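Engineer: Enclosed is the structure file work-v8.tsv (TSV, C-alpha atoms).
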```
chain	number	residue	atom	x	y	z
A	193	MET	CA	0.00	22.22	51.75
A	194	ILE	CA	2.95	23.78	53.52
A	195	HIS	CA	6.23	25.20	52.25
A	196	VAL	CA	9.57	24.78	53.99
A	197	ILE	CA	12.74	26.76	53.38
A	198	ALA	CA	15.72	25.15	55.09
A	199	THR	CA	18.93	27.17	55.15
A	200	ILE	CA	22.03	25.11	55.81
A	201	GLU	CA	25.25	26.99	56.60
A	202	LEU	CA	28.30	24.87	55.89
A	203	VAL	CA	31.91	24.77	56.98
A	204	ALA	CA	33.99	26.68	54.40
A	205	GLY	CA	34.95	24.48	51.47
A	206	GLN	CA	32.46	21.70	52.25
A	207	ARG	CA	29.61	22.53	49.87
A	208	THR	CA	30.59	20.08	47.12
A	209	ALA	CA	31.00	17.18	49.56
A	210	PHE	CA	27.77	18.11	51.33
A	211	LEU	CA	25.81	18.24	48.07
A	212	LYS	CA	27.10	14.78	47.12
A	213	GLU	CA	25.62	13.33	50.31
A	214	PHE	CA	22.47	15.44	50.08
A	215	ASN	CA	21.73	14.56	46.47
A	216	ALA	CA	21.98	10.85	47.35
A	217	LEU	CA	19.22	11.50	49.92
A	218	VAL	CA	16.85	13.40	47.61
A	219	PRO	CA	15.20	10.40	45.87
A	220	LEU	CA	14.45	8.78	49.24
A	221	VAL	CA	12.79	11.95	50.52
A	222	ARG	CA	10.82	12.49	47.31
A	223	ALA	CA	9.40	8.96	47.75
A	224	GLU	CA	8.03	9.80	51.21
A	225	ALA	CA	4.28	10.05	51.67
A	226	GLY	CA	3.27	13.71	51.49
A	227	CYS	CA	6.42	15.01	49.80
A	228	LEU	CA	5.44	17.29	46.93
A	229	GLU	CA	8.81	18.94	46.28
A	230	TYR	CA	12.28	18.61	47.78
A	231	GLY	CA	15.56	19.86	46.40
A	232	PRO	CA	18.72	21.83	47.12
A	233	ALA	CA	19.56	25.21	45.63
A	234	ILE	CA	22.59	27.48	45.82
A	235	ASP	CA	22.89	31.24	45.52
A	236	VAL	CA	23.55	32.73	42.10
A	237	ALA	CA	24.62	36.29	41.44
A	238	SER	CA	21.77	38.05	39.64
A	239	GLY	CA	22.87	41.67	39.74
A	240	MET	CA	19.49	42.56	41.28
A	241	SER	CA	19.79	45.21	43.97
A	242	ALA	CA	17.35	43.54	46.36
A	243	GLN	CA	19.30	40.28	46.42
A	244	ILE	CA	21.30	39.45	49.52
A	245	PRO	CA	25.04	38.86	48.98
A	246	VAL	CA	25.88	35.49	47.45
A	247	ARG	CA	26.71	32.93	50.13
A	248	ASP	CA	29.32	30.40	48.98
A	249	ASN	CA	28.85	28.14	52.00
A	250	VAL	CA	25.06	27.91	52.11
A	251	VAL	CA	22.64	25.38	50.64
A	252	THR	CA	18.95	26.26	50.64
A	253	VAL	CA	16.50	23.38	50.55
A	254	ILE	CA	13.13	24.16	49.01
A	255	GLU	CA	10.38	21.83	50.15
A	256	LYS	CA	6.63	21.38	49.79
A	257	TRP	CA	4.70	18.93	51.95
A	258	SER	CA	1.05	17.93	51.94
A	259	ASP	CA	0.73	18.83	55.63
A	260	LEU	CA	2.60	19.20	58.92
A	261	ASP	CA	2.19	15.50	59.75
A	262	ALA	CA	4.11	14.58	56.59
A	263	LEU	CA	6.87	17.03	57.50
A	264	ARG	CA	7.07	15.64	61.03
A	265	ALA	CA	7.28	12.06	59.69
A	266	HIS	CA	10.04	13.17	57.32
A	267	SER	CA	12.13	14.51	60.18
A	268	VAL	CA	12.29	11.07	61.83
A	269	ALA	CA	12.43	8.89	58.69
A	270	PRO	CA	15.17	6.23	58.87
A	271	HIS	CA	17.05	7.69	55.89
A	272	MET	CA	17.10	11.11	57.59
A	273	GLU	CA	18.47	9.54	60.78
A	274	ALA	CA	21.21	7.83	58.72
A	275	TYR	CA	22.03	10.99	56.72
A	276	ARG	CA	22.57	13.41	59.62
A	277	PRO	CA	25.74	11.77	61.04
A	278	LYS	CA	27.26	11.69	57.52
A	279	VAL	CA	27.09	15.48	57.20
A	280	LYS	CA	27.32	16.62	60.81
A	281	HIS	CA	30.99	17.64	60.49
A	282	MET	CA	30.13	19.78	57.41
A	283	VAL	CA	27.20	21.73	58.90
A	284	LEU	CA	27.56	24.84	61.05
A	285	SER	CA	23.84	25.55	61.43
A	286	THR	CA	20.42	24.83	60.00
A	287	THR	CA	17.35	27.06	60.16
A	288	LEU	CA	13.82	26.31	59.00
A	289	GLN	CA	11.00	28.48	57.83
A	290	VAL	CA	7.71	26.57	57.79
A	291	LEU	CA	5.16	28.52	55.81
A	292	ASP	CA	1.47	28.32	54.99
A	293	PRO	CA	0.45	29.57	51.54
A	294	ALA	CA	-1.25	32.94	51.91
```
Would you mind giving the structure from this file in structure tokens?
Structural biologist:
Amino acid sequence: MIHVIATIELVAGQRTAFLKEFNALVPLVRAEAGCLEYGPAIDVASGMSAQIPVRDNVVTVIEKWSDLDALRAHSVAPHMEAYRPKVKHMVLSTTLQVLDPA
């Protein structure tokens, strides 16, 4: 199993519109072979001193995949290819952390 943390920085004021498109995609991704978990999350103020400042224009996607092959297949799935142009104007940057359980 592998974990993926995708951090998506959005154009100011676009988070609601982005999440509408993203949440329409979620059931398609969860149906993919090898997808164990896939969902968006947003920062919440906790008052904990170790927490980074709340980011109003960031969506974090928390994913678990059976293996790297499943993740690679996900990245080229037809629904992912169709989704990217829909949100391109809303996204400033995307970073991935691909992690192996320790």
Engineer: Show me the residues around (26.1, 9.0, 53.4) - criterion: an atom at most 8 Å away, only C-alpha atoms counted - as a list in words.
Structural biologist: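 The requested residues, written out, are Glu213, Ala216, Ala274, Tyr275, Lys278 and Val279 of chain A.
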Engineer: I want to know what sits within 7 Å of Val246 (chain A), based on only C-alpha atoms, with residues of the same chain fewer than 3 positions away left out; could you give that as a PyMOL selection string?
Structural biologist: chain A and resi 235-237
Engineer: Counting all atoms listed in the file, which residue out of A:Asp261, A:His195, A:Glu201, A:Asp248 sits closest to Tyr230 (chain A)?
Structural biologist: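 Nearest to Tyr230 (chain A): A:His195.
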Engineer: CA of His266 (chain A) and CA of Leu228 (chain A), how far apart in Å?
Structural biologist: 12.1 Å
Engineer: May I ask for the distance between CA of Val253 (chain A) and CA of Arg222 (chain A), given in Å to one decimal place?
Structural biologist: 12.7 Å
Engineer: Restricting the calculation to only C-alpha atoms: of A:Pro245, A:Ala223, A:Pro270, A:Gln206, which residue gets closest to Trp257 (chain A)?
Structural biologist: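 Of all the options, A:Ala223 lies closest to Trp257 (chain A).
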Engineer: I'd like the interatomic distance between CA of Leu284 (chain A) and CA of Thr199 (chain A), to a tenth of an Å.
Structural biologist: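 It comes out at 10.7 Å.
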Engineer: So, counting only C-alpha atoms, which residue among A:Met240, A:Val250, A:Cys227, A:Ala294 is closest to Leu263 (chain A)?
Structural biologist: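 When distances to Leu263 (chain A) are compared using only C-alpha atoms, the smallest one comes from A:Cys227.
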Engineer: Which residue out of A:Gly231, A:Val290, A:Phe214, A:Ala209 has the minimum interatomic distance to Leu260 (chain A) when only C-alpha atoms are used?
Structural biologist: A:Val290
Engineer: Find the residue from A:Ser241, A:Thr252, A:Ser258, A:Asn215 that sits nearest to Ile200 (chain A); use only C-alpha atoms when measuring.
Structural biologist: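 Ranking A:Ser241, A:Thr252, A:Ser258, A:Asn215 by distance to Ile200 (chain A), first place goes to A:Thr252.
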Engineer: Name the closest residue to Ile254 (chain A) among the candidates A:Met282, A:Ala233, A:Met193, A:Pro293; distances are taken between atoms, counting all atoms listed in the file.
Structural biologist: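 Answer, going by the shortest atom-to-atom distance: A:Ala233.
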Engineer: Contacts of Arg207 (chain A) at 9 Å or less, counting all atoms listed in the file, minus same-chain residues fewer than 3 places along, as JSON, numbers by chain?
Structural biologist: {"A": [202, 203, 204, 210, 211, 212, 248, 249, 250, 251, 282]}
